[in-house]
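Shown next: input_33.cif, given as mmCIF, C-alpha atoms.
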```cif
data_start
loop_
_atom_site.label_atom_id
_atom_site.label_comp_id
_atom_site.auth_asym_id
_atom_site.auth_seq_id
_atom_site.Cartn_x
_atom_site.Cartn_y
_atom_site.Cartn_z
CA MET A 9 -11.63 9.33 22.88
CA PHE A 10 -14.85 7.80 21.55
CA GLY A 11 -13.37 6.16 18.44
CA PRO A 12 -12.52 2.46 18.05
CA GLN A 13 -9.13 3.14 19.67
CA GLY A 14 -10.56 5.26 22.47
CA VAL A 15 -10.07 4.52 26.16
CA VAL A 16 -13.81 5.00 26.67
CA VAL A 17 -14.55 2.03 24.42
CA LEU A 18 -12.10 -0.21 26.26
CA VAL A 19 -13.45 0.85 29.67
CA PHE A 20 -17.02 0.21 28.51
CA LEU A 21 -16.08 -3.29 27.35
CA VAL A 22 -14.37 -4.06 30.67
CA LEU A 23 -17.40 -2.85 32.63
CA ALA A 24 -19.75 -4.82 30.38
CA PHE A 25 -17.71 -7.97 30.90
CA ALA A 26 -17.62 -7.39 34.67
CA GLY A 27 -21.38 -6.96 34.75
CA LEU A 28 -21.99 -10.15 32.80
CA ALA A 29 -19.53 -12.03 35.03
CA TRP A 30 -21.46 -10.79 38.07
CA VAL A 31 -24.68 -12.17 36.58
CA LEU A 32 -22.99 -15.53 36.03
CA ALA A 33 -21.55 -15.58 39.55
CA ARG A 34 -24.99 -15.08 41.14
CA ARG A 35 -26.15 -18.50 39.90
CA GLY A 36 -29.48 -17.11 38.84
CA PRO A 37 -31.99 -18.71 36.46
CA LEU A 38 -30.50 -20.71 33.59
CA ALA A 39 -32.51 -18.66 31.10
CA LEU A 40 -30.54 -15.60 32.27
CA ARG A 41 -27.13 -17.20 32.70
CA VAL A 42 -26.90 -18.73 29.20
CA PRO A 43 -27.39 -15.41 27.33
CA ALA A 44 -25.06 -13.71 29.84
CA GLY A 45 -22.37 -16.30 29.16
CA ALA A 46 -22.73 -15.91 25.39
CA LEU A 47 -22.58 -12.12 25.65
CA ALA A 48 -19.56 -12.32 27.94
CA PHE A 49 -17.76 -14.36 25.28
CA VAL A 50 -18.65 -11.80 22.60
CA VAL A 51 -17.56 -8.88 24.77
CA ALA A 52 -14.24 -10.59 25.56
CA ALA A 53 -13.62 -11.22 21.85
CA VAL A 54 -14.44 -7.62 20.95
CA PHE A 55 -12.15 -6.40 23.73
CA GLY A 56 -9.33 -8.52 22.29
CA MET A 57 -9.88 -7.10 18.82
CA ALA A 58 -10.08 -3.54 20.17
CA THR A 59 -6.81 -4.03 22.03
CA VAL A 60 -5.10 -5.34 18.89
CA ASN A 61 -6.51 -2.43 16.89
CA ARG A 62 -5.25 0.03 19.49
CA TYR A 63 -1.77 -1.49 19.22
CA TYR A 64 -1.61 -1.59 15.40
CA ASP A 65 -3.55 1.66 14.81
CA TYR A 66 -5.51 0.20 11.91
CA TYR A 67 -9.01 1.68 12.38
CA GLU A 68 -8.79 5.28 13.59
CA SER A 69 -12.49 6.04 13.14
CA TRP A 70 -15.78 4.16 13.05
CA GLY A 71 -16.06 5.08 9.37
CA ASP A 72 -12.81 3.24 8.67
CA LEU A 73 -14.15 0.16 10.45
CA PHE A 74 -17.59 0.10 8.82
CA GLY A 75 -16.11 0.87 5.40
CA ASP A 76 -13.76 -2.10 5.68
CA LEU A 77 -16.47 -4.43 6.98
CA SER A 78 -18.73 -3.43 4.10
CA GLY A 79 -15.93 -4.13 1.62
CA ALA A 80 -15.96 -0.58 0.29
CA SER A 81 -13.35 2.13 0.49
CA ASP A 82 -14.41 5.77 0.67
CA GLY A 83 -15.02 7.29 -2.72
CA VAL A 84 -14.31 4.17 -4.81
CA GLN A 85 -16.00 4.34 -8.21
CA ALA A 86 -16.56 1.87 -11.00
CA LEU A 87 -14.68 2.46 -14.24
CA PRO A 88 -16.99 3.07 -17.21
CA PRO A 89 -16.88 0.62 -20.13
CA ALA A 90 -14.50 2.89 -22.05
CA ALA A 91 -11.93 2.39 -19.26
CA GLY A 92 -9.17 4.89 -18.68
CA ARG A 93 -8.10 6.13 -22.11
CA ALA A 94 -11.43 7.72 -23.00
CA LEU A 95 -12.47 9.26 -19.68
CA ALA A 96 -13.86 12.76 -20.15
CA THR A 97 -11.89 15.74 -18.92
CA GLY A 98 -13.24 18.50 -16.73
CA GLY A 99 -15.76 18.35 -13.92
CA ARG A 100 -15.17 17.33 -10.32
CA ARG A 101 -12.50 14.79 -11.28
CA ALA A 102 -10.27 17.59 -12.54
CA ASP A 103 -10.08 18.77 -8.92
CA ARG A 104 -10.12 15.50 -7.00
CA GLY A 105 -9.05 12.77 -9.40
CA MET A 106 -10.70 9.36 -9.39
CA LEU A 107 -10.31 6.26 -7.22
CA ALA A 108 -11.75 3.20 -8.91
CA ASP A 109 -11.99 -0.56 -8.68
CA VAL A 110 -10.13 -2.25 -11.49
CA ALA A 111 -9.78 -5.82 -12.71
CA LEU A 112 -6.14 -6.73 -13.30
CA PRO A 113 -5.93 -10.02 -15.20
CA GLY A 114 -2.53 -11.57 -15.82
CA ALA A 115 -1.88 -13.01 -19.27
CA ARG A 116 1.61 -14.31 -18.43
CA SER A 117 1.06 -15.42 -14.84
CA GLY A 118 -2.42 -16.84 -15.31
CA ILE A 119 -3.55 -14.79 -12.29
CA ALA A 120 -6.69 -12.64 -12.33
CA ARG A 121 -7.30 -10.36 -9.35
CA ASP A 122 -8.98 -7.06 -8.56
CA GLY A 123 -7.27 -3.93 -7.32
CA LEU A 124 -7.62 -0.18 -7.02
CA VAL A 125 -6.37 2.60 -9.26
CA TYR A 126 -6.15 6.31 -8.50
CA LEU A 127 -6.03 8.70 -11.44
CA PRO A 128 -4.73 12.13 -10.32
CA PRO A 129 -6.63 15.36 -11.02
CA GLN A 130 -4.25 16.19 -13.91
CA TYR A 131 -5.49 13.09 -15.74
CA PHE A 132 -8.84 14.89 -16.18
CA GLN A 133 -7.60 18.42 -16.80
CA PRO A 134 -7.86 19.57 -20.45
CA ALA A 135 -4.26 20.76 -20.47
CA TYR A 136 -3.15 17.16 -19.83
CA ALA A 137 -5.73 15.49 -22.06
CA ARG A 138 -3.05 13.89 -24.27
CA ALA A 139 -0.40 13.51 -21.61
CA ARG A 140 0.95 10.13 -20.55
CA PHE A 141 1.68 9.45 -16.90
CA PRO A 142 4.18 7.41 -14.90
CA VAL A 143 2.78 4.72 -12.61
CA LEU A 144 3.43 3.81 -8.99
CA GLU A 145 2.51 0.32 -7.78
CA LEU A 146 1.58 0.30 -4.10
CA LEU A 147 1.83 -3.07 -2.35
CA HIS A 148 -0.03 -3.91 0.85
CA GLY A 149 1.16 -6.14 3.69
CA SER A 150 0.11 -9.61 4.79
CA PRO A 151 -2.52 -10.22 5.94
CA GLY A 152 -3.92 -7.36 3.95
CA GLN A 153 -5.64 -6.17 0.80
CA PRO A 154 -5.40 -3.29 -1.70
CA SER A 155 -7.99 -1.20 0.15
CA ASP A 156 -5.61 -0.94 3.14
CA TRP A 157 -3.91 1.91 1.28
CA GLN A 158 -7.18 3.82 1.40
CA THR A 159 -8.82 2.70 4.66
CA GLY A 160 -5.64 2.56 6.72
CA LEU A 161 -3.37 5.11 5.03
CA ARG A 162 -5.72 7.48 3.17
CA VAL A 163 -3.40 7.49 0.20
CA GLU A 164 -5.84 9.37 -2.08
CA ASN A 165 -6.07 12.34 0.29
CA ALA A 166 -2.33 12.32 0.93
CA PHE A 167 -1.46 12.30 -2.77
CA ARG A 168 -3.98 14.98 -3.66
CA ARG A 169 -2.54 17.18 -0.90
CA VAL A 170 1.12 16.87 -1.97
CA LEU A 171 0.09 17.42 -5.59
CA HIS A 172 -1.79 20.58 -4.64
CA ASP A 173 1.25 21.82 -2.71
CA HIS A 174 3.55 21.03 -5.66
CA GLU A 175 5.56 18.62 -3.52
CA ALA A 176 4.88 15.65 -5.81
CA ARG A 177 4.52 15.03 -9.53
CA PRO A 178 1.37 13.59 -11.13
CA ALA A 179 1.32 9.82 -11.46
CA ILE A 180 -1.17 6.98 -11.67
CA LEU A 181 -1.35 4.93 -8.47
CA VAL A 182 -2.25 1.25 -8.82
CA MET A 183 -2.89 -0.94 -5.79
CA PRO A 184 -2.91 -4.61 -6.84
CA ASP A 185 -3.70 -7.65 -4.73
CA ILE A 186 -0.20 -9.02 -4.10
CA ASN A 187 -1.13 -12.51 -2.94
CA GLY A 188 -4.77 -13.32 -3.54
CA ALA A 189 -5.77 -12.30 -0.01
CA GLN A 190 -9.26 -11.43 -1.18
CA ALA A 191 -9.62 -15.10 -2.16
CA GLY A 192 -8.29 -16.30 1.20
CA ARG A 193 -4.55 -16.61 0.45
CA THR A 194 -1.87 -14.96 2.55
CA GLY A 195 1.88 -14.55 2.55
CA SER A 196 3.40 -15.15 -0.88
CA GLN A 197 6.14 -12.49 -0.52
CA CYS A 198 5.44 -11.71 -4.20
CA LEU A 199 7.48 -14.69 -5.43
CA ASP A 200 7.14 -17.04 -8.36
CA GLN A 201 6.74 -20.22 -6.31
CA PRO A 202 7.77 -23.58 -7.79
CA GLY A 203 4.54 -25.29 -8.75
CA GLY A 204 2.53 -22.41 -7.25
CA PRO A 205 1.29 -18.92 -8.02
CA ARG A 206 3.56 -16.67 -10.07
CA ASP A 207 3.10 -13.48 -8.08
CA ASP A 208 6.41 -11.95 -9.20
CA THR A 209 5.41 -12.30 -12.85
CA TYR A 210 1.97 -10.93 -12.07
CA LEU A 211 3.28 -7.80 -10.33
CA SER A 212 6.33 -7.09 -12.48
CA ALA A 213 4.92 -7.93 -15.92
CA ASP A 214 1.14 -8.39 -15.97
CA VAL A 215 0.05 -5.45 -13.82
CA PRO A 216 2.30 -2.93 -15.67
CA ALA A 217 1.15 -4.29 -19.03
CA ASP A 218 -2.53 -4.19 -18.10
CA VAL A 219 -2.33 -0.65 -16.68
CA ALA A 220 -0.40 0.55 -19.74
CA ALA A 221 -3.02 -0.97 -22.04
CA ARG A 222 -5.96 0.65 -20.26
CA PHE A 223 -4.66 4.07 -19.23
CA ARG A 224 -2.48 6.84 -20.63
CA VAL A 225 0.90 5.61 -19.39
CA ARG A 226 4.39 6.85 -20.26
CA PRO A 227 6.30 4.29 -22.31
CA GLY A 228 9.64 2.96 -21.14
CA ARG A 229 10.99 2.79 -17.60
CA SER A 230 8.20 4.83 -16.02
CA PHE A 231 7.11 2.60 -13.13
CA GLY A 232 7.89 2.83 -9.44
CA VAL A 233 6.98 0.38 -6.68
CA ALA A 234 6.49 0.84 -2.93
CA GLY A 235 5.00 -1.09 -0.05
CA PHE A 236 4.73 -1.54 3.69
CA SER A 237 5.62 -4.56 5.86
CA GLU A 238 5.62 -7.59 3.52
CA GLY A 239 4.83 -5.20 0.70
CA GLY A 240 8.04 -3.39 1.61
CA PHE A 241 10.01 -6.58 1.07
CA CYS A 242 8.15 -7.11 -2.21
CA ALA A 243 8.96 -3.59 -3.41
CA ALA A 244 12.68 -4.03 -2.72
CA ASP A 245 12.82 -7.49 -4.26
CA LEU A 246 10.83 -6.62 -7.39
CA ALA A 247 12.79 -3.41 -8.01
CA LEU A 248 16.13 -5.20 -7.78
CA ARG A 249 14.99 -8.16 -9.85
CA HIS A 250 13.40 -5.98 -12.54
CA PRO A 251 15.37 -2.70 -12.76
CA GLY A 252 14.31 -2.38 -16.38
CA VAL A 253 10.70 -2.00 -15.21
CA PHE A 254 10.98 -0.14 -11.91
CA ALA A 255 13.02 3.06 -11.77
CA ALA A 256 12.44 3.71 -8.07
CA ALA A 257 11.30 1.85 -4.97
CA GLY A 258 10.11 2.66 -1.46
CA SER A 259 9.98 0.33 1.54
CA MET A 260 8.12 1.19 4.75
CA SER A 261 8.99 -1.15 7.64
CA GLY A 262 10.07 -3.76 5.14
CA TYR A 263 12.53 -6.60 5.56
CA PHE A 264 15.22 -7.51 3.09
CA GLN A 265 15.63 -11.27 3.10
CA PRO A 266 12.87 -13.79 2.31
CA LEU A 267 11.21 -15.51 5.26
CA PRO A 268 9.66 -18.98 5.60
CA GLU A 269 5.88 -18.96 5.33
CA HIS A 270 4.17 -20.93 8.10
CA GLY A 271 7.38 -22.88 8.63
CA THR A 272 7.60 -23.82 4.95
CA ASP A 273 10.57 -23.10 2.69
CA LEU A 274 9.03 -21.44 -0.35
CA PHE A 275 12.16 -22.28 -2.39
CA ARG A 276 12.10 -26.00 -1.53
CA GLY A 277 15.78 -26.05 -0.72
CA ASN A 278 16.85 -24.30 -3.95
CA ALA A 279 19.66 -22.02 -2.72
CA ALA A 280 20.04 -20.29 -6.09
CA ALA A 281 16.35 -19.36 -6.15
CA ARG A 282 16.58 -18.03 -2.60
CA LEU A 283 19.54 -15.79 -3.43
CA ALA A 284 17.79 -14.59 -6.58
CA ASN A 285 15.02 -13.24 -4.30
CA ASP A 286 17.22 -11.88 -1.52
CA PRO A 287 17.35 -8.04 -1.72
CA LEU A 288 20.46 -7.86 0.47
CA TRP A 289 22.27 -10.27 -1.82
CA LEU A 290 21.03 -8.59 -5.00
CA ALA A 291 21.98 -5.11 -3.77
CA SER A 292 25.48 -6.27 -2.84
CA ARG A 293 26.10 -7.68 -6.31
CA PRO A 294 24.29 -5.36 -8.72
CA ALA A 295 24.46 -6.58 -12.29
CA ARG A 296 23.00 -3.30 -13.53
CA ARG A 297 22.38 0.19 -12.25
CA LEU A 298 20.44 0.07 -8.99
CA PRO A 299 16.97 1.62 -8.84
CA ALA A 300 16.59 4.66 -6.59
CA PHE A 301 15.53 3.64 -3.05
CA TRP A 302 13.67 5.35 -0.20
CA LEU A 303 13.45 3.60 3.19
CA MET A 304 11.36 4.18 6.30
CA ALA A 305 10.91 2.53 9.70
CA GLY A 306 9.14 3.24 12.97
CA GLY A 307 11.68 4.59 15.43
CA ALA A 308 10.40 2.41 18.30
CA ASP A 309 10.82 -0.82 16.30
CA ARG A 310 14.53 -1.60 16.67
CA GLY A 311 14.35 -4.58 14.34
CA ASP A 312 12.85 -2.59 11.48
CA VAL A 313 15.29 0.28 11.99
CA GLU A 314 18.34 -1.99 12.07
CA SER A 315 17.14 -3.93 9.02
CA ALA A 316 16.68 -0.69 7.08
CA ARG A 317 20.10 0.60 8.15
CA ILE A 318 21.86 -2.57 7.02
CA PHE A 319 20.12 -2.53 3.65
CA ARG A 320 20.84 1.18 3.23
CA SER A 321 24.55 0.62 3.95
CA VAL A 322 24.73 -1.98 1.17
CA LEU A 323 23.02 0.36 -1.30
CA VAL A 324 25.23 3.30 -0.33
CA ALA A 325 28.34 1.15 -0.74
CA HIS A 326 27.39 0.72 -4.39
CA GLY A 327 26.81 4.38 -5.10
CA GLY A 328 23.22 4.83 -3.99
CA ARG A 329 21.95 7.96 -2.22
CA VAL A 330 19.27 6.48 0.00
CA PRO A 331 17.03 8.51 2.36
CA LEU A 332 16.12 6.66 5.58
CA VAL A 333 13.14 8.19 7.38
CA THR A 334 12.34 7.19 10.95
CA ILE A 335 9.03 8.12 12.56
CA PRO A 336 9.72 8.83 16.26
CA HIS A 337 8.04 6.59 18.86
CA ALA A 338 6.25 4.61 16.12
CA ARG A 339 6.17 0.85 15.71
CA HIS A 340 5.33 -1.57 12.89
CA THR A 341 1.83 -0.10 12.49
CA PHE A 342 -0.37 2.07 10.31
CA ALA A 343 0.31 4.92 12.75
CA ALA A 344 3.93 4.87 11.54
CA TRP A 345 3.18 4.48 7.85
CA LYS A 346 0.38 7.05 7.56
CA PRO A 347 2.55 10.14 8.26
CA ALA A 348 5.28 8.70 6.04
CA VAL A 349 3.03 8.27 2.98
CA PRO A 350 3.13 11.94 1.82
CA ARG A 351 6.93 11.93 2.05
CA LEU A 352 7.12 8.67 0.13
CA LEU A 353 4.85 9.97 -2.63
CA ALA A 354 6.75 13.24 -2.93
CA TRP A 355 10.12 11.50 -3.14
CA ILE A 356 9.28 8.62 -5.47
CA THR A 357 7.23 10.60 -8.01
CA GLY A 358 10.20 12.94 -8.24
CA ARG A 359 12.28 10.00 -9.49
CA LEU A 360 9.80 9.03 -12.20
CA PRO A 361 9.38 10.74 -15.58
CA SER A 362 7.65 14.08 -15.27
CA VAL A 363 4.35 15.03 -16.89
CA ALA A 364 3.93 18.45 -18.46
CA PRO A 365 0.83 20.19 -19.85
CA CYS A 366 0.82 21.19 -23.47
CA PRO A 367 2.56 24.48 -24.34
CA GLY A 368 0.60 27.56 -23.34
CA ALA A 369 -1.63 25.69 -20.89
CA ARG A 370 -2.71 27.44 -17.71
CA ALA A 371 -3.33 25.84 -14.36
CA PRO A 372 -6.98 25.38 -13.28
CA GLY A 373 -8.37 28.65 -11.96
CA HIS A 374 -5.93 30.80 -13.96
CA GLY A 375 -7.86 31.56 -17.13
CA ALA A 376 -9.34 29.25 -19.74
CA PRO A 377 -7.46 25.93 -19.92
CA VAL A 378 -5.86 24.87 -23.17
CA THR A 379 -6.60 21.43 -24.56
CA CYS A 380 -3.56 19.55 -25.86
CA ARG A 381 -3.83 18.50 -29.46
CA GLY A 382 -0.64 16.50 -29.72
CA THR A 383 0.59 13.46 -27.83
#
```
Can you dump the structure from the file as structure tokens?
Amino acid sequence: MFGPQGVVVLVFLVLAFAGLAWVLARRGPLALRVPAGALAFVVAAVFGMATVNRYYDYYESWGDLFGDLSGASDGVQALPPAAGRALATGGRRADRGMLADVALPGARSGIARDGLVYLPPQYFQPAYARARFPVLELLHGSPGQPSDWQTGLRVENAFRRVLHDHEARPAILVMPDINGAQAGRTGSQCLDQPGGPRDDTYLSADVPADVAARFRVRPGRSFGVAGFSEGGFCAADLALRHPGVFAAAGSMSGYFQPLPEHGTDLFRGNAAARLANDPLWLASRPARRLPAFWLMAGGADRGDVESARIFRSVLVAHGGRVPLVTIPHARHTFAAWKPAVPRLLAWITGRLPSVAPCPGARAPGHGAPVTCRGT
């Protein structure tokens, strides 16, 4: 009731605006009317933002709002100089894992951006000290940024919970910046644009290579990719374009054909390039085995639901077994995606290579843990 989406906040803003309008209508002293007019403008702008937030369900608490405004996500740490391969086992991280800022430079794309990485509790448990983990790339929407997965969707808490309940398998989560939004760019749809940024190359080649070089990652086809909204399109497109990299993909409220950006054709009239980045086209003419797919849409958004159903029918026609989850009464908002995240994580990590402790190891709390000595 009293949060940023609460009715009390909206009513307070309406009353504040009405009071300021009353002051202006009285034609009192100019020294009083000028500040009242400025405050009325501010209150009206805040009311507009609060209404949009109530519709999209982005900030559910004041902590979410202040954390985003400060540029910090809850619990984000800095990686030590030794990076991820030499992090010590044991301690609090063996229970909670570690969410950290990470620089993700791109040798092939020429792109250098920052992102987030979450290392699961098993990464720090002695029984898994030599284990190598699969990786799940999580792609935000547009406009958006990597921290949306934490501030809007609480992905760390969700993943830790499904791991604790043995509903998901351990994996490294990496949340890259898909389009340079932190530098002011928006809407690339994760494409290699002619004469522009090579976001596809960055996300499908550079990010996996950089993560594999810095952390204990399973070799081979051990990556998954998932996203929401534009990130959902990106996940579908990247998985179908690079099935040798991504074994599984998840799309939450995604679309499945590329869209113009601000009225501009990103392919500059090149029909072949457009088809090469059209998930519906690629799924209908698979050159290789299709990645495993998981789809989700808000039940109240007919466009998203119909788009997901059409894409699913194409995948199923070519032998895929594709779950389609609908969240009742939900729209194209964080309120739809947040309850779907645990189900996404449980499903997609189950399609990636598993991680096992060394022989004879015991789970934390069940006797002295065994440290693996092999790889």
**Message:** Please return as a list in words every residue within 7 Å of (1.6, 19.0, -19.0), taking into account all atoms listed in the file and the file's own coordinates.
**Reply:**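 Returned residue set, sorted by chain then number, is Ala135, Tyr136, Ala139, Val363, Ala364, Pro365 and Cys366 of chain A.
Each of A:Ala291, A:Leu47, A:Val125, A:Ala166 was checked against A:Gln85 using only C-alpha atoms; the smallest atom-to-atom distance is that of A:Val125.
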**Resolved residues for the PyMOL selection byres ((chain A and resi 357) around 10) as a ChimeraX atom specification** = /A:142-144,175-180,230-232,256,352-356,358-362
**Prompt:** Which residue, A:Arg282, A:Arg226, A:His174, A:Arg320, has the smallest gap to A:Ala244 when you use only C-alpha atoms?
**Reply:** A:Arg320
**Request:** May I ask which of the residues A:Arg162, A:Arg168, A:Arg276, A:Arg339 is the closest one to A:Gly307, counting only C-alpha atoms?
**Result:**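 Distance minimum relative to A:Gly307 lands on A:Arg339.
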Ground truth for the PyMOL selection byres ((chain A and resi 207) around 8), written as a short mmCIF file (atom, residue, chain, number, x, y, z; two decimals) with C-alpha atoms, in the frame of the given file:
```cif
data_model
loop_
_atom_site.label_atom_id
_atom_site.label_comp_id
_atom_site.auth_asym_id
_atom_site.auth_seq_id
_atom_site.Cartn_x
_atom_site.Cartn_y
_atom_site.Cartn_z
CA SER A 117 1.06 -15.42 -14.84
CA ILE A 119 -3.55 -14.79 -12.29
CA ILE A 186 -0.20 -9.02 -4.10
CA ASN A 187 -1.13 -12.51 -2.94
CA SER A 196 3.40 -15.15 -0.88
CA CYS A 198 5.44 -11.71 -4.20
CA LEU A 199 7.48 -14.69 -5.43
CA ASP A 200 7.14 -17.04 -8.36
CA GLN A 201 6.74 -20.22 -6.31
CA PRO A 205 1.29 -18.92 -8.02
CA ARG A 206 3.56 -16.67 -10.07
CA ASP A 208 6.41 -11.95 -9.20
CA THR A 209 5.41 -12.30 -12.85
CA TYR A 210 1.97 -10.93 -12.07
CA LEU A 211 3.28 -7.80 -10.33
#
```
**Fill in**
As a check of understanding: the span from atom CA of A:Phe275 to atom CA of A:Pro113 is 25.3 Å
**Asked** Using only C-alpha atoms, which residues sit within 6 Å of stretch 152-154 of chain A once same-chain residues fewer than 6 positions away are excluded, as a VMD selection string?
**Response** chain A and resid 123 183 to 185
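Take atom CA of A:Leu146 and atom CA of A:Leu181: the distance between them is 7.0 Å.
Of the residues under consideration (A:Leu107, A:Leu147, A:Val50, A:Ala308), A:Leu107 shows the shortest atom-to-atom contact distance to A:Asn165 when counting only C-alpha atoms.
Taken over the shown file, the PyMOL selection byres ((chain A and resi 266) around 7) identifies Phe264, Gln265, Leu267, Pro268, Asn285 and Asp286 of chain A.
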Output file for the selection above: C-alpha atoms, as a JSON list (two decimals), in the coordinates of the input:
```json
[["chain", "number", "residue", "atom", "x", "y", "z"],
["A", 264, "PHE", "CA", 15.22, -7.51, 3.09],
["A", 265, "GLN", "CA", 15.63, -11.27, 3.10],
["A", 267, "LEU", "CA", 11.21, -15.51, 5.26],
["A", 268, "PRO", "CA", 9.66, -18.98, 5.60],
["A", 285, "ASN", "CA", 15.02, -13.24, -4.30],
["A", 286, "ASP", "CA", 17.22, -11.88, -1.52]]
```
**Message:** Please compute the atom CA of A:Met304-atom CA of A:Ser259 distance, one decimal, in Å.
**Reply:**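 Going from atom CA of A:Met304 over to atom CA of A:Ser259, I get 6.3 Å.
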**Of the listed residues A:Ser292, A:Arg297, A:Arg224, A:Tyr263, that which approaches A:Pro251 most closely, counting all atoms listed in the file** = A:Arg297
